[in-house]
>>> print(open('model.cif').read())   # mmCIF, C-alpha atoms; chains and numbers go by the auth columns
data_run
loop_
_atom_site.group_PDB
_atom_site.id
_atom_site.type_symbol
_atom_site.label_atom_id
_atom_site.label_comp_id
_atom_site.label_asym_id
_atom_site.label_seq_id
_atom_site.Cartn_x
_atom_site.Cartn_y
_atom_site.Cartn_z
_atom_site.B_iso_or_equiv
_atom_site.auth_seq_id
_atom_site.auth_asym_id
ATOM 1 C CA MET A 1 7.069 13.266 13.355 0.00 1 A
ATOM 2 C CA ALA A 2 7.796 9.930 11.671 0.00 2 A
ATOM 3 C CA THR A 3 10.853 9.813 9.462 0.00 3 A
ATOM 4 C CA MET A 4 9.575 10.563 5.960 0.00 4 A
ATOM 5 C CA ILE A 5 11.694 9.893 2.876 0.00 5 A
ATOM 6 C CA PRO A 6 11.869 12.172 1.024 0.00 6 A
ATOM 7 C CA SER A 7 11.128 14.738 3.696 0.00 7 A
ATOM 8 C CA ASP A 8 10.684 17.782 1.471 0.00 8 A
ATOM 9 C CA ILE A 9 7.874 16.926 -0.939 0.00 9 A
ATOM 10 C CA SER A 10 5.864 19.859 -2.233 0.00 10 A
ATOM 11 C CA GLU A 11 3.870 18.018 -4.913 0.00 11 A
ATOM 12 C CA PHE A 12 2.374 14.546 -4.915 0.00 12 A
ATOM 13 C CA LYS A 13 1.152 12.455 -7.833 0.00 13 A
ATOM 14 C CA THR A 14 -2.354 12.459 -6.347 0.00 14 A
ATOM 15 C CA GLU A 15 -4.192 14.336 -3.619 0.00 15 A
ATOM 16 C CA GLY A 16 -4.806 11.065 -1.748 0.00 16 A
ATOM 17 C CA GLU A 17 -1.087 10.284 -1.660 0.00 17 A
ATOM 18 C CA GLY A 18 -0.450 13.706 -0.158 0.00 18 A
ATOM 19 C CA ARG A 19 -3.135 13.196 2.474 0.00 19 A
ATOM 20 C CA PHE A 20 -1.792 9.765 3.396 0.00 20 A
ATOM 21 C CA TYR A 21 1.779 11.128 3.554 0.00 21 A
ATOM 22 C CA ARG A 22 0.706 13.881 5.963 0.00 22 A
ATOM 23 C CA PHE A 23 -1.319 11.383 7.989 0.00 23 A
ATOM 24 C CA LEU A 24 1.717 9.103 8.401 0.00 24 A
ATOM 25 C CA GLU A 25 3.955 12.052 9.143 0.00 25 A
ATOM 26 C CA ASN A 26 1.744 13.193 12.019 0.00 26 A
ATOM 27 C CA VAL A 27 0.133 10.036 13.371 0.00 27 A
ATOM 28 C CA ALA A 28 2.806 7.315 13.230 0.00 28 A
ATOM 29 C CA VAL A 29 3.939 7.392 16.860 0.00 29 A
ATOM 30 C CA PRO A 30 6.239 6.902 18.608 0.00 30 A
ATOM 31 C CA HIS A 31 7.803 8.746 15.727 0.00 31 A
ATOM 32 C CA ASN A 32 11.241 7.148 15.900 0.00 32 A
ATOM 33 C CA ASP A 33 9.646 3.704 15.374 0.00 33 A
ATOM 34 C CA TYR A 34 8.420 4.557 11.851 0.00 34 A
ATOM 35 C CA ILE A 35 10.109 5.244 8.539 0.00 35 A
ATOM 36 C CA ALA A 36 7.968 5.891 5.458 0.00 36 A
ATOM 37 C CA TRP A 37 9.215 6.060 1.875 0.00 37 A
ATOM 38 C CA TYR A 38 7.092 7.756 -0.760 0.00 38 A
ATOM 39 C CA THR A 39 7.373 6.091 -4.189 0.00 39 A
ATOM 40 C CA PRO A 40 10.543 4.095 -3.493 0.00 40 A
ATOM 41 C CA ASP A 41 12.228 2.458 -6.490 0.00 41 A
ATOM 42 C CA ILE A 42 12.044 -1.333 -6.313 0.00 42 A
ATOM 43 C CA ASN A 43 13.567 -2.801 -9.452 0.00 43 A
ATOM 44 C CA GLY A 44 12.213 0.033 -11.592 0.00 44 A
ATOM 45 C CA ARG A 45 8.697 -0.042 -10.072 0.00 45 A
ATOM 46 C CA GLU A 46 7.316 2.411 -7.539 0.00 46 A
ATOM 47 C CA PRO A 47 4.768 1.430 -4.915 0.00 47 A
ATOM 48 C CA ASP A 48 3.074 4.502 -3.468 0.00 48 A
ATOM 49 C CA PHE A 49 4.373 3.892 0.064 0.00 49 A
ATOM 50 C CA LEU A 50 6.710 1.504 1.813 0.00 50 A
ATOM 51 C CA ILE A 51 6.560 1.816 5.575 0.00 51 A
ATOM 52 C CA TYR A 52 8.822 0.262 8.169 0.00 52 A
ATOM 53 C CA ALA A 53 7.209 -0.002 11.586 0.00 53 A
ATOM 54 C CA LYS A 54 9.365 -1.359 14.392 0.00 54 A
ATOM 55 C CA ASP A 55 6.569 -3.544 15.821 0.00 55 A
ATOM 56 C CA VAL A 56 5.019 -4.645 12.490 0.00 56 A
ATOM 57 C CA GLY A 57 7.778 -4.896 9.886 0.00 57 A
ATOM 58 C CA ILE A 58 7.377 -3.565 6.365 0.00 58 A
ATOM 59 C CA VAL A 59 4.006 -2.617 4.906 0.00 59 A
ATOM 60 C CA ILE A 60 3.559 -1.693 1.238 0.00 60 A
ATOM 61 C CA PHE A 61 0.567 0.481 0.344 0.00 61 A
ATOM 62 C CA GLU A 62 -1.048 1.332 -2.963 0.00 62 A
ATOM 63 C CA VAL A 63 -3.150 4.523 -2.733 0.00 63 A
ATOM 64 C CA LYS A 64 -6.213 4.974 -4.952 0.00 64 A
ATOM 65 C CA ASP A 65 -8.080 8.281 -5.023 0.00 65 A
ATOM 66 C CA TRP A 66 -11.244 6.631 -6.282 0.00 66 A
ATOM 67 C CA SER A 67 -14.651 7.582 -4.968 0.00 67 A
ATOM 68 C CA LEU A 68 -17.242 4.911 -4.247 0.00 68 A
ATOM 69 C CA ASP A 69 -19.505 6.341 -6.950 0.00 69 A
ATOM 70 C CA GLN A 70 -16.807 5.690 -9.570 0.00 70 A
ATOM 71 C CA ILE A 71 -16.635 1.942 -8.883 0.00 71 A
ATOM 72 C CA VAL A 72 -19.047 0.176 -11.204 0.00 72 A
ATOM 73 C CA GLU A 73 -17.752 -3.347 -10.708 0.00 73 A
ATOM 74 C CA ALA A 74 -15.001 -5.145 -8.831 0.00 74 A
ATOM 75 C CA ASN A 75 -13.497 -8.610 -8.989 0.00 75 A
ATOM 76 C CA PRO A 76 -10.277 -10.202 -7.704 0.00 76 A
ATOM 77 C CA HIS A 77 -8.412 -9.062 -10.819 0.00 77 A
ATOM 78 C CA ALA A 78 -9.851 -5.665 -11.719 0.00 78 A
ATOM 79 C CA PHE A 79 -12.011 -2.724 -10.765 0.00 79 A
ATOM 80 C CA VAL A 80 -14.185 -1.039 -13.403 0.00 80 A
ATOM 81 C CA LEU A 81 -14.402 2.713 -12.885 0.00 81 A
ATOM 82 C CA GLN A 82 -16.848 5.113 -14.484 0.00 82 A
ATOM 83 C CA SER A 83 -15.229 8.372 -15.533 0.00 83 A
ATOM 84 C CA GLY A 84 -17.752 10.554 -17.297 0.00 84 A
ATOM 85 C CA ALA A 85 -19.221 8.577 -20.180 0.00 85 A
ATOM 86 C CA LYS A 86 -16.249 6.214 -20.273 0.00 86 A
ATOM 87 C CA ALA A 87 -15.745 3.037 -18.230 0.00 87 A
ATOM 88 C CA GLU A 88 -12.126 2.096 -17.489 0.00 88 A
ATOM 89 C CA THR A 89 -10.797 -1.212 -16.213 0.00 89 A
ATOM 90 C CA LYS A 90 -8.021 -0.888 -13.631 0.00 90 A
ATOM 91 C CA LYS A 91 -5.976 -3.608 -11.974 0.00 91 A
ATOM 92 C CA ASN A 92 -7.253 -4.564 -8.536 0.00 92 A
ATOM 93 C CA PRO A 93 -5.076 -2.370 -6.271 0.00 93 A
ATOM 94 C CA TYR A 94 -4.575 -5.237 -3.828 0.00 94 A
ATOM 95 C CA GLN A 95 -3.077 -7.326 -6.641 0.00 95 A
ATOM 96 C CA GLN A 96 -0.945 -4.344 -7.590 0.00 96 A
ATOM 97 C CA SER A 97 0.370 -4.051 -4.009 0.00 97 A
ATOM 98 C CA ARG A 98 1.004 -7.813 -4.000 0.00 98 A
ATOM 99 C CA GLU A 99 3.244 -7.425 -7.063 0.00 99 A
ATOM 100 C CA TYR A 100 5.240 -4.767 -5.184 0.00 100 A
ATOM 101 C CA TYR A 101 5.380 -7.133 -2.204 0.00 101 A
ATOM 102 C CA GLU A 102 6.832 -9.915 -4.358 0.00 102 A
ATOM 103 C CA GLN A 103 9.417 -7.539 -5.817 0.00 103 A
ATOM 104 C CA THR A 104 10.360 -6.355 -2.323 0.00 104 A
ATOM 105 C CA ILE A 105 10.764 -9.948 -1.121 0.00 105 A
ATOM 106 C CA GLY A 106 12.992 -10.639 -4.137 0.00 106 A
ATOM 107 C CA LYS A 107 15.116 -7.576 -3.421 0.00 107 A
ATOM 108 C CA ILE A 108 15.513 -8.487 0.251 0.00 108 A
ATOM 109 C CA LYS A 109 16.489 -12.066 -0.604 0.00 109 A
ATOM 110 C CA GLN A 110 19.468 -10.706 -2.551 0.00 110 A
ATOM 111 C CA ASP A 111 21.052 -9.593 0.733 0.00 111 A
ATOM 112 C CA SER A 112 22.157 -12.548 2.883 0.00 112 A
ATOM 113 C CA PHE A 113 22.069 -10.397 6.036 0.00 113 A
ATOM 114 C CA LEU A 114 18.330 -9.859 5.612 0.00 114 A
ATOM 115 C CA VAL A 115 17.295 -13.508 5.207 0.00 115 A
ATOM 116 C CA SER A 116 16.929 -16.142 7.889 0.00 116 A
ATOM 117 C CA LYS A 117 19.442 -18.916 8.371 0.00 117 A
ATOM 118 C CA ASP A 118 17.104 -20.683 10.806 0.00 118 A
ATOM 119 C CA PRO A 119 16.030 -24.062 9.321 0.00 119 A
ATOM 120 C CA MET A 120 12.327 -23.298 9.990 0.00 120 A
ATOM 121 C CA HIS A 121 12.461 -20.061 7.971 0.00 121 A
ATOM 122 C CA PHE A 122 15.565 -20.540 5.856 0.00 122 A
ATOM 123 C CA GLY A 123 15.809 -18.100 2.953 0.00 123 A
ATOM 124 C CA ASN A 124 12.825 -15.994 4.046 0.00 124 A
ATOM 125 C CA PRO A 125 13.150 -12.345 5.097 0.00 125 A
ATOM 126 C CA LYS A 126 13.977 -11.859 8.779 0.00 126 A
ATOM 127 C CA ILE A 127 11.221 -9.267 9.196 0.00 127 A
ATOM 128 C CA PRO A 128 7.527 -9.572 8.350 0.00 128 A
ATOM 129 C CA ILE A 129 6.345 -7.935 5.133 0.00 129 A
ATOM 130 C CA HIS A 130 2.711 -7.036 4.478 0.00 130 A
ATOM 131 C CA TYR A 131 0.774 -5.157 1.812 0.00 131 A
ATOM 132 C CA GLY A 132 -2.510 -3.340 1.425 0.00 132 A
ATOM 133 C CA VAL A 133 -4.540 -0.554 -0.142 0.00 133 A
ATOM 134 C CA VAL A 134 -5.440 2.987 0.884 0.00 134 A
ATOM 135 C CA PHE A 135 -8.802 4.422 -0.219 0.00 135 A
ATOM 136 C CA PRO A 136 -8.645 7.987 1.174 0.00 136 A
ATOM 137 C CA ASN A 137 -11.989 8.996 -0.383 0.00 137 A
ATOM 138 C CA ILE A 138 -14.050 5.955 0.596 0.00 138 A
ATOM 139 C CA ASN A 139 -15.886 5.226 3.836 0.00 139 A
ATOM 140 C CA LYS A 140 -15.564 1.658 5.206 0.00 140 A
ATOM 141 C CA TYR A 141 -19.278 1.396 6.007 0.00 141 A
ATOM 142 C CA GLU A 142 -20.410 2.435 2.510 0.00 142 A
ATOM 143 C CA TYR A 143 -17.772 0.180 0.898 0.00 143 A
ATOM 144 C CA THR A 144 -19.111 -2.797 2.853 0.00 144 A
ATOM 145 C CA GLU A 145 -22.718 -1.825 2.182 0.00 145 A
ATOM 146 C CA ARG A 146 -22.044 -1.943 -1.578 0.00 146 A
ATOM 147 C CA GLY A 147 -20.650 -5.490 -1.160 0.00 147 A
ATOM 148 C CA PHE A 148 -17.100 -4.699 -2.296 0.00 148 A
ATOM 149 C CA HIS A 149 -15.699 -6.258 0.890 0.00 149 A
ATOM 150 C CA LYS A 150 -16.410 -9.644 -0.745 0.00 150 A
ATOM 151 C CA VAL A 151 -13.834 -8.799 -3.419 0.00 151 A
ATOM 152 C CA LEU A 152 -11.278 -6.935 -1.327 0.00 152 A
ATOM 153 C CA SER A 153 -11.560 -7.496 2.422 0.00 153 A
ATOM 154 C CA THR A 154 -11.707 -4.415 4.636 0.00 154 A
ATOM 155 C CA ASP A 155 -8.824 -5.725 6.773 0.00 155 A
ATOM 156 C CA LYS A 156 -6.539 -5.125 3.776 0.00 156 A
ATOM 157 C CA ILE A 157 -7.682 -1.514 3.326 0.00 157 A
ATOM 158 C CA PHE A 158 -6.866 1.737 5.087 0.00 158 A
ATOM 159 C CA PHE A 159 -9.967 3.966 4.680 0.00 159 A
#
>>> encode(input="model.cif", output="structure tokens")
Amino acid sequence: MATMIPSDISEFKTEGEGRFYRFLENVAVPHNDYIAWYTPDINGREPDFLIYAKDVGIVIFEVKDWSLDQIVEANPHAFVLQSGAKAETKKNPYQQSREYYEQTIGKIKQDSFLVSKDPMHFGNPKIPIHYGVVFPNINKYEYTERGFHKVLSTDKIFF
């Protein structure tokens, strides 16, 4: 299995986070090429997952347990979710993962061993860093059919 940190979780904040954790634990192969942190602390903030993949670099994921029926509206800044009789505005999860990305870049830049000295990339992290969203309860086809891919591209989402 992939190296999971922490490795002994019995309860997750959401069901979707638990499903994604188990997915990574079992599917990230070859297993010794992957390390996944669940809710790591980055300057007092906690992205849902930070994954190091030997061939990709670091990927930061924000997991949302939303169903497609809950999403009433979406724009680059926010998603409006219907919960019973109440509509709630939530930050666009891609923007949320971008904030974690920026914090991670800042943290890495504090360590001179992790930043490039090469003039073409001077001061930038030595390894690639990416970010995205996990929608464990949403189907890619239905998401696209509803037109949400125009707001948040499917290549930034793990369905």
>>> axis_aligned_box(input="model.cif", around="stretch 82-94 of chain A", padding_each_side="4 Å", output="lines of an AutoDock Vina configuration file")
center_x = -11.9
center_y = 2.7
center_z = -12.1
size_x = 22.6
size_y = 23.8
size_z = 24.4
>>> residues_around(input="model.cif", residues="A:Val27", least_positions_apart="4", cutoff="9 Å", atoms="all atoms listed in the file", output="ChimeraX atom specification")
/A:1-2,22-23,31
>>> resolve_selection(input="model.cif", expression="the PyMOL selection byres ((chain A and resi 30) around 12)", output="ChimeraX atom specification")
/A:1-3,24-29,31-35,53-55
>>> residues_near_point(input="model.cif", point="(-5.5, 11.2, -5.8)", cutoff="9 Å", atoms="all atoms listed in the file", output="JSON, numbers by chain")
{"A": [12, 13, 14, 15, 16, 17, 18, 19, 63, 64, 65, 66, 136, 137]}
>>> atom_distance(input="model.cif", atom1="atom CA of A:Ile58", atom2="atom CA of A:Ser10")
25.0 Å
>>> resolve_selection(input="model.cif", expression="the PyMOL selection byres ((chain A and resi 90) around 9)", output="ChimeraX atom specification")
/A:77-81,88-89,91-93
>>> closest_residue(input="model.cif", among="A:Val115, A:Lys109, A:Ser153, A:Tyr94", to="A:Tyr131", atoms="all atoms listed in the file")
A:Tyr94
>>> resolve_selection(input="model.cif", expression="the PyMOL selection byres ((chain A and resi 49-52) around 6)", output="list in words")
Tyr34, Ile35, Ala36, Trp37, Tyr38, Thr39, Pro47, Asp48, Ala53, Gly57, Ile58, Val59, Ile60 and Phe61 of chain A
>>> residues_near_point(input="model.cif", point="(11.3, -13.6, 1.4)", cutoff="12 Å", atoms="only C-alpha atoms", output="list in words")
Ile58, Tyr101, Glu102, Gln103, Thr104, Ile105, Gly106, Lys107, Ile108, Lys109, Gln110, Asp111, Ser112, Leu114, Val115, Ser116, Lys117, His121, Phe122, Gly123, Asn124, Pro125, Lys126, Ile127, Pro128, Ile129 and His130 of chain A
>>> atom_distance(input="model.cif", atom1="atom CA of A:Pro40", atom2="atom CA of A:Tyr143")
28.9 Å
>>> build_atoms(input="model.cif", residues="stretch 54-88 of chain A", atoms="N, CA and C atoms", output="JSON list (two decimals), in the frame of the given file")
[["chain", "number", "residue", "atom", "x", "y", "z"],
["A", 54, "LYS", "N", 8.55, -0.53, 13.52],
["A", 54, "LYS", "CA", 9.36, -1.36, 14.39],
["A", 54, "LYS", "C", 8.61, -2.59, 14.90],
["A", 55, "ASP", "N", 7.34, -2.44, 15.25],
["A", 55, "ASP", "CA", 6.57, -3.54, 15.82],
["A", 55, "ASP", "C", 5.78, -4.36, 14.80],
["A", 56, "VAL", "N", 5.80, -3.96, 13.52],
["A", 56, "VAL", "CA", 5.02, -4.64, 12.49],
["A", 56, "VAL", "C", 5.88, -5.21, 11.37],
["A", 57, "GLY", "N", 6.95, -4.52, 11.03],
["A", 57, "GLY", "CA", 7.78, -4.90, 9.89],
["A", 57, "GLY", "C", 7.56, -3.91, 8.76],
["A", 58, "ILE", "N", 7.57, -4.41, 7.55],
["A", 58, "ILE", "CA", 7.38, -3.56, 6.36],
["A", 58, "ILE", "C", 5.95, -3.72, 5.86],
["A", 59, "VAL", "N", 5.34, -2.60, 5.51],
["A", 59, "VAL", "CA", 4.01, -2.62, 4.91],
["A", 59, "VAL", "C", 4.07, -1.79, 3.63],
["A", 60, "ILE", "N", 3.58, -2.36, 2.54],
["A", 60, "ILE", "CA", 3.56, -1.69, 1.24],
["A", 60, "ILE", "C", 2.12, -1.30, 0.95],
["A", 61, "PHE", "N", 1.92, -0.02, 0.62],
["A", 61, "PHE", "CA", 0.57, 0.48, 0.34],
["A", 61, "PHE", "C", 0.45, 1.04, -1.06],
["A", 62, "GLU", "N", -0.66, 0.72, -1.70],
["A", 62, "GLU", "CA", -1.05, 1.33, -2.96],
["A", 62, "GLU", "C", -2.23, 2.25, -2.65],
["A", 63, "VAL", "N", -2.11, 3.53, -3.02],
["A", 63, "VAL", "CA", -3.15, 4.52, -2.73],
["A", 63, "VAL", "C", -3.99, 4.76, -3.99],
["A", 64, "LYS", "N", -5.30, 4.70, -3.84],
["A", 64, "LYS", "CA", -6.21, 4.97, -4.95],
["A", 64, "LYS", "C", -7.18, 6.06, -4.53],
["A", 65, "ASP", "N", -7.22, 7.13, -5.30],
["A", 65, "ASP", "CA", -8.08, 8.28, -5.02],
["A", 65, "ASP", "C", -9.51, 8.10, -5.54],
["A", 66, "TRP", "N", -9.92, 6.90, -5.74],
["A", 66, "TRP", "CA", -11.24, 6.63, -6.28],
["A", 66, "TRP", "C", -12.33, 7.00, -5.28],
["A", 67, "SER", "N", -13.48, 7.40, -5.82],
["A", 67, "SER", "CA", -14.65, 7.58, -4.97],
["A", 67, "SER", "C", -15.53, 6.35, -5.15],
["A", 68, "LEU", "N", -16.38, 6.09, -4.19],
["A", 68, "LEU", "CA", -17.24, 4.91, -4.25],
["A", 68, "LEU", "C", -18.18, 4.97, -5.45],
["A", 69, "ASP", "N", -18.60, 6.17, -5.81],
["A", 69, "ASP", "CA", -19.50, 6.34, -6.95],
["A", 69, "ASP", "C", -18.84, 5.97, -8.28],
["A", 70, "GLN", "N", -17.52, 6.04, -8.34],
["A", 70, "GLN", "CA", -16.81, 5.69, -9.57],
["A", 70, "GLN", "C", -16.75, 4.19, -9.80],
["A", 71, "ILE", "N", -16.79, 3.40, -8.74],
["A", 71, "ILE", "CA", -16.64, 1.94, -8.88],
["A", 71, "ILE", "C", -17.93, 1.33, -9.36],
["A", 72, "VAL", "N", -17.88, 0.80, -10.59],
["A", 72, "VAL", "CA", -19.05, 0.18, -11.20],
["A", 72, "VAL", "C", -19.06, -1.32, -10.89],
["A", 73, "GLU", "N", -17.88, -1.90, -10.89],
["A", 73, "GLU", "CA", -17.75, -3.35, -10.71],
["A", 73, "GLU", "C", -16.37, -3.64, -10.13],
["A", 74, "ALA", "N", -16.29, -4.73, -9.38],
["A", 74, "ALA", "CA", -15.00, -5.14, -8.83],
["A", 74, "ALA", "C", -14.93, -6.66, -8.79],
["A", 75, "ASN", "N", -13.75, -7.18, -9.10],
["A", 75, "ASN", "CA", -13.50, -8.61, -8.99],
["A", 75, "ASN", "C", -12.06, -8.79, -8.51],
["A", 76, "PRO", "N", -11.63, -10.01, -8.23],
["A", 76, "PRO", "CA", -10.28, -10.20, -7.70],
["A", 76, "PRO", "C", -9.16, -9.69, -8.61],
["A", 77, "HIS", "N", -9.45, -9.48, -9.88],
["A", 77, "HIS", "CA", -8.41, -9.06, -10.82],
["A", 77, "HIS", "C", -8.49, -7.59, -11.21],
["A", 78, "ALA", "N", -9.70, -7.02, -11.20],
["A", 78, "ALA", "CA", -9.85, -5.66, -11.72],
["A", 78, "ALA", "C", -11.02, -4.93, -11.08],
["A", 79, "PHE", "N", -10.92, -3.61, -11.15],
["A", 79, "PHE", "CA", -12.01, -2.72, -10.76],
["A", 79, "PHE", "C", -12.41, -1.96, -12.03],
["A", 80, "VAL", "N", -13.70, -1.83, -12.27],
["A", 80, "VAL", "CA", -14.18, -1.04, -13.40],
["A", 80, "VAL", "C", -14.67, 0.29, -12.84],
["A", 81, "LEU", "N", -14.08, 1.37, -13.36],
["A", 81, "LEU", "CA", -14.40, 2.71, -12.88],
["A", 81, "LEU", "C", -15.12, 3.50, -13.96],
["A", 82, "GLN", "N", -16.13, 4.24, -13.57],
["A", 82, "GLN", "CA", -16.85, 5.11, -14.48],
["A", 82, "GLN", "C", -16.26, 6.50, -14.37],
["A", 83, "SER", "N", -15.78, 7.03, -15.49],
["A", 83, "SER", "CA", -15.23, 8.37, -15.53],
["A", 83, "SER", "C", -15.94, 9.11, -16.65],
["A", 84, "GLY", "N", -16.93, 9.90, -16.28],
["A", 84, "GLY", "CA", -17.75, 10.55, -17.30],
["A", 84, "GLY", "C", -18.56, 9.51, -18.04],
["A", 85, "ALA", "N", -18.49, 9.54, -19.36],
["A", 85, "ALA", "CA", -19.22, 8.58, -20.18],
["A", 85, "ALA", "C", -18.40, 7.31, -20.44],
["A", 86, "LYS", "N", -17.17, 7.31, -19.97],
["A", 86, "LYS", "CA", -16.25, 6.21, -20.27],
["A", 86, "LYS", "C", -16.02, 5.32, -19.05],
["A", 87, "ALA", "N", -16.08, 4.00, -19.28],
["A", 87, "ALA", "CA", -15.74, 3.04, -18.23],
["A", 87, "ALA", "C", -14.32, 2.54, -18.47],
["A", 88, "GLU", "N", -13.52, 2.53, -17.40],
["A", 88, "GLU", "CA", -12.13, 2.10, -17.49],
["A", 88, "GLU", "C", -11.89, 0.92, -16.55]]
